[in-house]
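The file coords_30.txt contains compact mmCIF, C-alpha atoms:
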```txt
# COMPACT_ATOMS: atom_id res chain seq x y z
CA MET A 8 -49.75 29.57 22.82
CA LEU A 9 -47.99 26.31 21.98
CA GLN A 10 -49.74 23.22 20.73
CA GLU A 11 -48.70 20.51 23.17
CA TYR A 12 -48.61 16.72 23.24
CA LEU A 13 -47.08 14.76 26.12
CA LEU A 14 -46.54 11.01 25.98
CA PHE A 15 -47.78 9.40 29.21
CA ASN A 16 -47.38 5.64 29.54
CA ASP A 17 -47.49 5.18 25.75
CA GLU A 18 -50.73 7.11 25.34
CA PHE A 19 -50.95 10.64 24.00
CA GLN A 20 -52.48 13.19 26.34
CA ALA A 21 -53.06 16.40 24.43
CA VAL A 22 -53.73 20.06 25.09
CA ASP A 23 -55.71 21.98 22.42
CA ALA A 24 -55.97 18.93 20.11
CA PRO A 25 -57.05 15.32 20.58
CA ILE A 26 -54.53 13.51 18.37
CA LEU A 27 -51.42 13.88 16.24
CA THR A 28 -52.80 13.76 12.70
CA ALA A 29 -51.36 12.88 9.29
CA ALA A 30 -51.52 16.60 8.49
CA ASN A 31 -48.62 17.24 10.88
CA ARG A 32 -45.96 19.17 8.95
CA SER A 33 -43.07 17.33 10.56
CA PHE A 34 -44.55 14.04 9.32
CA LYS A 35 -45.35 15.38 5.84
CA PHE A 36 -42.36 17.61 5.14
CA GLY A 37 -39.78 17.09 7.89
CA ASP A 38 -40.71 20.62 8.98
CA GLY A 39 -39.31 20.62 12.49
CA LEU A 40 -36.43 19.82 14.77
CA PHE A 41 -35.77 17.93 18.00
CA GLU A 42 -33.69 17.75 21.17
CA SER A 43 -32.49 14.53 22.84
CA MET A 44 -32.03 15.13 26.57
CA ARG A 45 -31.00 13.19 29.67
CA MET A 46 -32.33 13.45 33.21
CA ILE A 47 -30.13 12.06 36.00
CA ASN A 48 -31.43 11.83 39.56
CA ASN A 49 -34.35 14.14 38.69
CA LYS A 50 -32.07 16.81 37.23
CA LEU A 51 -32.27 17.62 33.53
CA GLN A 52 -28.67 17.76 32.34
CA PHE A 53 -27.39 20.85 30.48
CA ALA A 54 -30.89 22.34 30.21
CA ASP A 55 -29.49 25.79 29.39
CA LEU A 56 -27.44 24.46 26.48
CA HIS A 57 -30.42 22.52 25.11
CA ALA A 58 -32.62 25.62 25.36
CA ASP A 59 -30.05 27.77 23.55
CA ARG A 60 -29.70 25.30 20.67
CA LEU A 61 -33.46 24.79 20.42
CA SER A 62 -34.07 28.53 20.30
CA ALA A 63 -31.39 29.02 17.65
CA GLY A 64 -32.81 26.16 15.57
CA MET A 65 -36.36 27.48 15.75
CA LYS A 66 -35.11 30.92 14.67
CA ALA A 67 -33.25 29.35 11.75
CA LEU A 68 -36.42 27.51 10.67
CA LYS A 69 -38.51 30.65 11.28
CA ILE A 70 -40.80 28.84 13.74
CA ASP A 71 -42.45 31.13 16.29
CA GLY A 72 -42.40 30.49 20.02
CA HIS A 73 -38.68 30.07 20.62
CA ALA A 74 -38.73 32.57 23.49
CA LEU A 75 -41.14 30.33 25.42
CA MET A 76 -38.95 27.24 25.21
CA ASP A 77 -36.26 28.32 27.65
CA ASP A 78 -34.41 26.19 30.20
CA TYR A 79 -37.18 26.69 32.78
CA PHE A 80 -39.72 25.36 30.26
CA LEU A 81 -37.56 22.27 29.56
CA ARG A 82 -37.03 21.53 33.25
CA GLN A 83 -40.70 22.02 34.08
CA LYS A 84 -42.11 19.86 31.27
CA THR A 85 -39.62 17.00 31.74
CA ALA A 86 -40.20 17.02 35.51
CA ASP A 87 -43.96 16.92 34.97
CA LEU A 88 -43.74 13.99 32.57
CA THR A 89 -41.46 12.14 35.00
CA LYS A 90 -43.84 12.72 37.88
CA ARG A 91 -46.95 11.66 35.94
CA ASN A 92 -45.31 8.41 34.90
CA LYS A 93 -43.77 7.79 38.35
CA TRP A 94 -40.35 7.30 36.82
CA ASN A 95 -37.30 7.08 39.08
CA GLY A 96 -35.70 10.34 37.89
CA ASN A 97 -33.37 8.77 35.31
CA VAL A 98 -34.93 9.34 31.91
CA ARG A 99 -34.09 9.87 28.26
CA PHE A 100 -36.28 12.50 26.60
CA ARG A 101 -36.99 13.53 23.05
CA LEU A 102 -38.62 16.90 22.48
CA SER A 103 -39.89 17.22 18.91
CA VAL A 104 -40.87 20.72 17.77
CA TYR A 105 -42.79 21.23 14.55
CA ARG A 106 -44.44 24.01 12.60
CA GLY A 107 -48.20 23.79 13.14
CA GLY A 108 -50.98 24.64 10.70
CA ALA A 109 -51.72 23.76 7.11
CA GLY A 110 -50.12 24.57 3.77
CA VAL A 111 -48.04 22.55 1.39
CA TYR A 112 -44.37 23.49 1.01
CA THR A 113 -45.29 27.07 1.86
CA PRO A 114 -46.62 27.20 5.46
CA GLU A 115 -49.78 29.14 6.22
CA ILE A 116 -48.63 29.94 9.78
CA ASN A 117 -45.43 29.56 11.81
CA LYS A 118 -46.93 28.58 15.16
CA ALA A 119 -44.94 25.95 17.05
CA GLY A 120 -46.25 22.66 18.38
CA TYR A 121 -44.30 20.03 20.26
CA ILE A 122 -44.30 16.44 21.47
CA LEU A 123 -42.33 15.36 24.54
CA GLU A 124 -41.51 11.66 24.93
CA GLY A 125 -39.63 9.89 27.69
CA ILE A 126 -37.98 6.50 28.20
CA PRO A 127 -36.99 5.56 31.78
CA LEU A 128 -33.40 4.43 32.34
CA LYS A 129 -31.77 2.34 35.06
CA ALA A 130 -28.41 4.08 35.08
CA SER A 131 -27.90 7.18 37.22
CA THR A 132 -24.55 8.11 35.64
CA TYR A 133 -23.06 8.44 32.16
CA GLU A 134 -21.61 4.99 31.59
CA LEU A 135 -18.50 4.54 29.46
CA ASN A 136 -18.89 1.49 27.26
CA SER A 137 -16.88 -1.50 28.53
CA LYS A 138 -16.34 -2.86 25.02
CA GLY A 139 -15.02 -0.41 22.46
CA LEU A 140 -16.96 0.33 19.28
CA ILE A 141 -16.06 -0.95 15.83
CA ILE A 142 -16.53 1.72 13.16
CA ASP A 143 -16.16 2.41 9.46
CA VAL A 144 -16.66 5.45 7.23
CA PHE A 145 -20.00 5.81 5.45
CA ASP A 146 -19.24 7.39 2.07
CA GLU A 147 -22.32 6.53 -0.01
CA MET A 148 -23.84 9.91 0.88
CA THR A 149 -22.37 13.07 2.40
CA LYS A 150 -23.81 15.78 4.62
CA PRO A 151 -24.47 19.22 3.10
CA VAL A 152 -22.91 22.19 4.85
CA ASN A 153 -25.45 25.00 5.31
CA LYS A 154 -27.05 27.10 8.03
CA LEU A 155 -29.24 24.19 9.19
CA SER A 156 -26.39 21.67 9.47
CA ASN A 157 -25.69 22.37 13.14
CA PHE A 158 -29.27 21.59 14.27
CA LYS A 159 -31.11 18.30 14.79
CA THR A 160 -33.80 18.73 12.16
CA ALA A 161 -36.64 16.33 11.37
CA ASN A 162 -34.93 15.44 8.08
CA ALA A 163 -32.84 12.44 9.12
CA LEU A 164 -32.62 10.35 5.93
CA LEU A 165 -28.83 10.67 5.79
CA TYR A 166 -28.58 9.11 9.25
CA VAL A 167 -31.10 6.41 8.35
CA MET A 168 -29.00 5.40 5.33
CA ALA A 169 -25.85 5.44 7.45
CA GLY A 170 -27.67 3.27 9.98
CA LEU A 171 -28.51 0.74 7.27
CA PHE A 172 -24.83 0.76 6.23
CA LYS A 173 -23.87 0.11 9.86
CA SER A 174 -26.25 -2.84 10.15
CA GLN A 175 -25.25 -4.35 6.81
CA HIS A 176 -21.57 -4.26 7.74
CA ARG A 177 -22.12 -5.36 11.35
CA LEU A 178 -20.62 -2.21 12.79
CA ASP A 179 -21.30 -0.44 16.07
CA GLU A 180 -21.17 3.03 14.52
CA ALA A 181 -20.44 4.75 11.21
CA MET A 182 -18.62 8.01 10.52
CA ILE A 183 -20.30 10.55 8.24
CA LEU A 184 -18.40 12.86 5.88
CA ASN A 185 -19.44 16.36 4.82
CA GLN A 186 -19.91 17.40 1.19
CA TYR A 187 -16.20 18.20 0.91
CA GLY A 188 -15.11 14.74 2.07
CA PHE A 189 -13.96 15.74 5.55
CA LEU A 190 -14.92 14.09 8.83
CA CYS A 191 -18.21 15.49 10.09
CA GLU A 192 -19.86 13.33 12.79
CA SER A 193 -21.20 9.83 13.42
CA ILE A 194 -24.78 8.60 13.04
CA SER A 195 -25.86 9.86 16.45
CA ALA A 196 -22.88 11.65 17.96
CA ASN A 197 -20.04 14.11 17.60
CA VAL A 198 -16.53 12.82 16.94
CA PHE A 199 -13.27 13.44 18.80
CA VAL A 200 -9.87 12.23 17.63
CA VAL A 201 -6.68 12.08 19.70
CA TYR A 202 -3.61 12.42 17.47
CA ASN A 203 -0.07 13.15 18.68
CA LYS A 204 -1.54 13.72 22.18
CA GLN A 205 -3.73 16.50 20.81
CA ILE A 206 -7.54 16.33 20.80
CA TYR A 207 -9.34 17.33 17.60
CA THR A 208 -13.02 17.63 16.75
CA PRO A 209 -14.67 18.79 13.51
CA ALA A 210 -15.46 22.51 13.59
CA LEU A 211 -19.09 23.62 13.34
CA ALA A 212 -18.20 25.11 9.96
CA GLU A 213 -17.71 21.50 8.77
CA GLY A 214 -21.46 20.90 9.11
CA CYS A 215 -21.60 18.78 12.26
CA ILE A 216 -24.40 18.96 14.81
CA SER A 217 -23.68 21.55 17.50
CA GLY A 218 -23.80 18.83 20.13
CA ILE A 219 -24.62 19.55 23.75
CA MET A 220 -22.15 16.94 24.99
CA ARG A 221 -19.62 18.23 22.45
CA THR A 222 -19.83 21.62 24.17
CA ALA A 223 -19.58 20.01 27.62
CA ILE A 224 -16.49 18.01 26.64
CA MET A 225 -14.83 21.10 25.19
CA GLN A 226 -15.48 22.89 28.49
CA LEU A 227 -14.08 19.95 30.46
CA CYS A 228 -10.93 19.95 28.34
CA LYS A 229 -10.45 23.66 29.00
CA MET A 230 -10.98 23.18 32.74
CA ASN A 231 -8.36 20.40 32.81
CA ASP A 232 -5.79 22.14 30.57
CA MET A 233 -6.23 19.60 27.78
CA PRO A 234 -5.54 21.21 24.39
CA LEU A 235 -8.46 20.79 21.99
CA ILE A 236 -8.67 22.08 18.44
CA GLU A 237 -11.79 22.50 16.29
CA ALA A 238 -10.59 21.74 12.79
CA GLN A 239 -11.17 20.44 9.29
CA ILE A 240 -10.27 16.75 9.65
CA ASN A 241 -9.26 14.40 6.87
CA PRO A 242 -10.78 10.94 7.53
CA GLU A 243 -7.32 9.46 6.87
CA ILE A 244 -6.42 10.53 10.41
CA LEU A 245 -8.49 7.59 11.66
CA LYS A 246 -5.70 5.31 10.43
CA GLU A 247 -3.09 7.11 12.56
CA ALA A 248 -4.95 8.33 15.65
CA GLU A 249 -4.21 7.10 19.17
CA GLU A 250 -7.83 7.40 20.29
CA VAL A 251 -11.27 8.05 18.82
CA PHE A 252 -14.41 8.65 20.87
CA ILE A 253 -17.90 9.92 20.21
CA THR A 254 -20.28 11.96 22.39
CA ASN A 255 -23.96 12.75 22.67
CA ALA A 256 -26.31 14.16 25.30
CA THR A 257 -27.94 10.89 26.32
CA GLN A 258 -24.99 8.48 26.40
CA GLY A 259 -22.15 10.78 27.32
CA ILE A 260 -18.87 9.38 25.95
CA GLN A 261 -18.33 6.16 24.01
CA TRP A 262 -14.85 5.04 23.04
CA VAL A 263 -13.95 3.42 19.74
CA MET A 264 -11.83 0.29 19.72
CA GLY A 265 -11.28 -0.37 16.04
CA TYR A 266 -11.41 0.95 12.49
CA GLY A 267 -10.44 -1.73 9.98
CA ARG A 268 -7.20 -3.18 11.34
CA LYS A 269 -6.48 -0.10 13.44
CA ARG A 270 -6.91 -0.42 17.22
CA TYR A 271 -7.24 2.48 19.67
CA PHE A 272 -6.60 3.23 23.33
CA ASN A 273 -9.17 4.80 25.67
CA GLU A 274 -7.17 6.75 28.28
CA VAL A 275 -8.54 10.19 27.35
CA SER A 276 -12.13 8.98 27.06
CA LYS A 277 -11.91 7.30 30.49
CA PHE A 278 -10.51 10.43 32.08
CA LEU A 279 -13.15 12.70 30.53
CA SER A 280 -15.96 10.29 31.42
CA GLU A 281 -14.90 10.41 35.08
CA LYS A 282 -14.78 14.23 34.99
CA LEU A 283 -18.19 14.35 33.28
CA ASN A 284 -19.82 12.30 36.05
CA ALA A 285 -18.07 14.39 38.69
CA ILE A 286 -19.96 17.49 37.58
```

Transcribe the structure of this file into structure tokens.
Amino acid sequence: MLQEYLLFNDEFQAVDAPILTAANRSFKFGDGLFESMRMINNKLQFADLHADRLSAGMKALKIDGHALMDDYFLRQKTADLTKRNKWNGNVRFRLSVYRGGAGVYTPEINKAGYILEGIPLKASTYELNSKGLIIDVFDEMTKPVNKLSNFKTANALLYVMAGLFKSQHRLDEAMILNQYGFLCESISANVFVVYNKQIYTPALAEGCISGIMRTAIMQLCKMNDMPLIEAQINPEILKEAEEVFITNATQGIQWVMGYGRKRYFNEVSKFLSEKLNAI
């Protein structure tokens, strides 16, 4: 049995519990993880990939109930929330999964609870940004590389600090480095670099999130005979690359226009964005 909260029209409707309390372990200890998902025309995109990553993340955190949160579960719950709110079928969702029960650092139980939130969208396609992003490298903190690095855990302080850096420097996005100083990801997306007509993205071993859209783009590249290499990437490549773009499950592809004085093209990102919407 899962403890369930669904957000309907900004009010919590709960099963098995009336409210989300301050005793929630995700609030107190960051003891949980989440999935950001996109529904387009009443179809939850890449539900199977989200379910696989969620299950793997729950196993890594030793939270019970991962077998129940399959792709059918994700489709059913997001469809129900959409219907109850009378949304138009284009929605951004966040599914937060946490370890229920009491305890301090040592949990007393490993039962899973979850909260599903939705924000209706107007767009019915993944829209490539018309104006390219301006970026810089955030190097005040780095991301540890460990067995939790590939999942979207409730511990997001690194991304919060990078977000403050972005705001302070009037950037559109910031690149995050791993503990070894290599390119890892951006604040909310995976990173792709086009250099010498070859597409590169940081390998999972570099500590980046195992992004759903990252996987989709890699599959699209394979389908269209576009060479793509997962690699260890020195951030200095940003000064020489022809293109840089970032990807996530809710926005699709966003192309980068500038890094310092460097300016980029967007031919590859345009092509992949068209192929993404075609599927």

Practice task
Identify, on the basis of all atoms listed in the file, every residue whose closest approach to region 89-97 of chain A does not exceed 10 Å; exclude the query and any residue fewer than 4 positions from it along the same chain; express the result as number ranges by chain.
Solution key: A: 14-17, 45-51, 83-85, 125-132

Deliver the residues from the most recent selection as a file, using C-alpha atoms, as a tab-separated table (two decimals), in the coordinates of the input.
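So result25.tsv came out as:
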```
chain	number	residue	atom	x	y	z
A	14	LEU	CA	-46.54	11.01	25.98
A	15	PHE	CA	-47.78	9.40	29.21
A	16	ASN	CA	-47.38	5.64	29.54
A	17	ASP	CA	-47.49	5.18	25.75
A	45	ARG	CA	-31.00	13.19	29.67
A	46	MET	CA	-32.33	13.45	33.21
A	47	ILE	CA	-30.13	12.06	36.00
A	48	ASN	CA	-31.43	11.83	39.56
A	49	ASN	CA	-34.35	14.14	38.69
A	50	LYS	CA	-32.07	16.81	37.23
A	51	LEU	CA	-32.27	17.62	33.53
A	83	GLN	CA	-40.70	22.02	34.08
A	84	LYS	CA	-42.11	19.86	31.27
A	85	THR	CA	-39.62	17.00	31.74
A	125	GLY	CA	-39.63	9.89	27.69
A	126	ILE	CA	-37.98	6.50	28.20
A	127	PRO	CA	-36.99	5.56	31.78
A	128	LEU	CA	-33.40	4.43	32.34
A	129	LYS	CA	-31.77	2.34	35.06
A	130	ALA	CA	-28.41	4.08	35.08
A	131	SER	CA	-27.90	7.18	37.22
A	132	THR	CA	-24.55	8.11	35.64
```

Handout entry: Counting all atoms listed in the file, the option among A:Leu27, A:Thr254, A:Thr222, A:Ser276 closest to Asp59 (chain A)
Key =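 Looking at the shortest contact to Asp59 (chain A), the residue is A:Thr222.
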
Handout entry: Residue contacts of region 235-237 of chain A (10 Å, all atoms listed in the file) excluding same-chain residues fewer than 3 positions away, as a ChimeraX atom specification
Key = /A:199-201,204-213,224-226,228-229,232,240

Just-selected residues, C-alpha atoms written as a PDB file, in the coordinates of the input:
```pdb
ATOM      1  CA  PHE A 199     -13.270  13.440  18.800  1.00  0.00           C
ATOM      2  CA  VAL A 200      -9.870  12.230  17.630  1.00  0.00           C
ATOM      3  CA  VAL A 201      -6.680  12.080  19.700  1.00  0.00           C
ATOM      4  CA  LYS A 204      -1.540  13.720  22.180  1.00  0.00           C
ATOM      5  CA  GLN A 205      -3.730  16.500  20.810  1.00  0.00           C
ATOM      6  CA  ILE A 206      -7.540  16.330  20.800  1.00  0.00           C
ATOM      7  CA  TYR A 207      -9.340  17.330  17.600  1.00  0.00           C
ATOM      8  CA  THR A 208     -13.020  17.630  16.750  1.00  0.00           C
ATOM      9  CA  PRO A 209     -14.670  18.790  13.510  1.00  0.00           C
ATOM     10  CA  ALA A 210     -15.460  22.510  13.590  1.00  0.00           C
ATOM     11  CA  LEU A 211     -19.090  23.620  13.340  1.00  0.00           C
ATOM     12  CA  ALA A 212     -18.200  25.110   9.960  1.00  0.00           C
ATOM     13  CA  GLU A 213     -17.710  21.500   8.770  1.00  0.00           C
ATOM     14  CA  ILE A 224     -16.490  18.010  26.640  1.00  0.00           C
ATOM     15  CA  MET A 225     -14.830  21.100  25.190  1.00  0.00           C
ATOM     16  CA  GLN A 226     -15.480  22.890  28.490  1.00  0.00           C
ATOM     17  CA  CYS A 228     -10.930  19.950  28.340  1.00  0.00           C
ATOM     18  CA  LYS A 229     -10.450  23.660  29.000  1.00  0.00           C
ATOM     19  CA  ASP A 232      -5.790  22.140  30.570  1.00  0.00           C
ATOM     20  CA  ILE A 240     -10.270  16.750   9.650  1.00  0.00           C
TER      21      ILE A 240
END
```

Problem - One-decimal distance in Å that lies between CA of Met220 (chain A) and CA of Glu243 (chain A) - result: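 One can read the CA of Glu243 (chain A) to CA of Met220 (chain A) distance as 24.6 Å.
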
Exercise for the section: Quick one: pull the distance between CA of Glu147 (chain A) and CA of Leu178 (chain A), Å, one decimal. Expected result: 15.6 Å

Handout entry: Glu274 (chain A) surroundings by only C-alpha atoms, 12 Å radius, close-in-sequence under 3 positions cut, as a PyMOL selection string
Key = chain A and resi 135+201+204+249-252+261-264+271+277-281

Keeping only C-alpha atoms, write the selected residues to a file as a PDB file, keeping the file's coordinate frame.
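Below is the file selection21.pdb, written as the result:
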```
ATOM      1  CA  LEU A 135     -18.500   4.540  29.460  1.00  0.00           C
ATOM      2  CA  VAL A 201      -6.680  12.080  19.700  1.00  0.00           C
ATOM      3  CA  LYS A 204      -1.540  13.720  22.180  1.00  0.00           C
ATOM      4  CA  GLU A 249      -4.210   7.100  19.170  1.00  0.00           C
ATOM      5  CA  GLU A 250      -7.830   7.400  20.290  1.00  0.00           C
ATOM      6  CA  VAL A 251     -11.270   8.050  18.820  1.00  0.00           C
ATOM      7  CA  PHE A 252     -14.410   8.650  20.870  1.00  0.00           C
ATOM      8  CA  GLN A 261     -18.330   6.160  24.010  1.00  0.00           C
ATOM      9  CA  TRP A 262     -14.850   5.040  23.040  1.00  0.00           C
ATOM     10  CA  VAL A 263     -13.950   3.420  19.740  1.00  0.00           C
ATOM     11  CA  MET A 264     -11.830   0.290  19.720  1.00  0.00           C
ATOM     12  CA  TYR A 271      -7.240   2.480  19.670  1.00  0.00           C
ATOM     13  CA  LYS A 277     -11.910   7.300  30.490  1.00  0.00           C
ATOM     14  CA  PHE A 278     -10.510  10.430  32.080  1.00  0.00           C
ATOM     15  CA  LEU A 279     -13.150  12.700  30.530  1.00  0.00           C
ATOM     16  CA  SER A 280     -15.960  10.290  31.420  1.00  0.00           C
ATOM     17  CA  GLU A 281     -14.900  10.410  35.080  1.00  0.00           C
TER      18      GLU A 281
END
```

Problem - Interatomic distance, CA of Leu190 (chain A) to CA of Lys69 (chain A) (Å, one decimal) - result: 28.9 Å

Problem - From A:Gln186, A:Thr160, A:Gln258, A:Asn284, residue lying nearest Leu102 (chain A) [all atoms listed in the file] - result: A:Thr160

Problem - Who sits within 8 Å of Ser193 (chain A), all atoms listed in the file, same chain under 5 positions skipped, as a list of chain:residue names - result: A:Glu180, A:Ala181, A:Met182, A:Ile183, A:Val198, A:Ile253
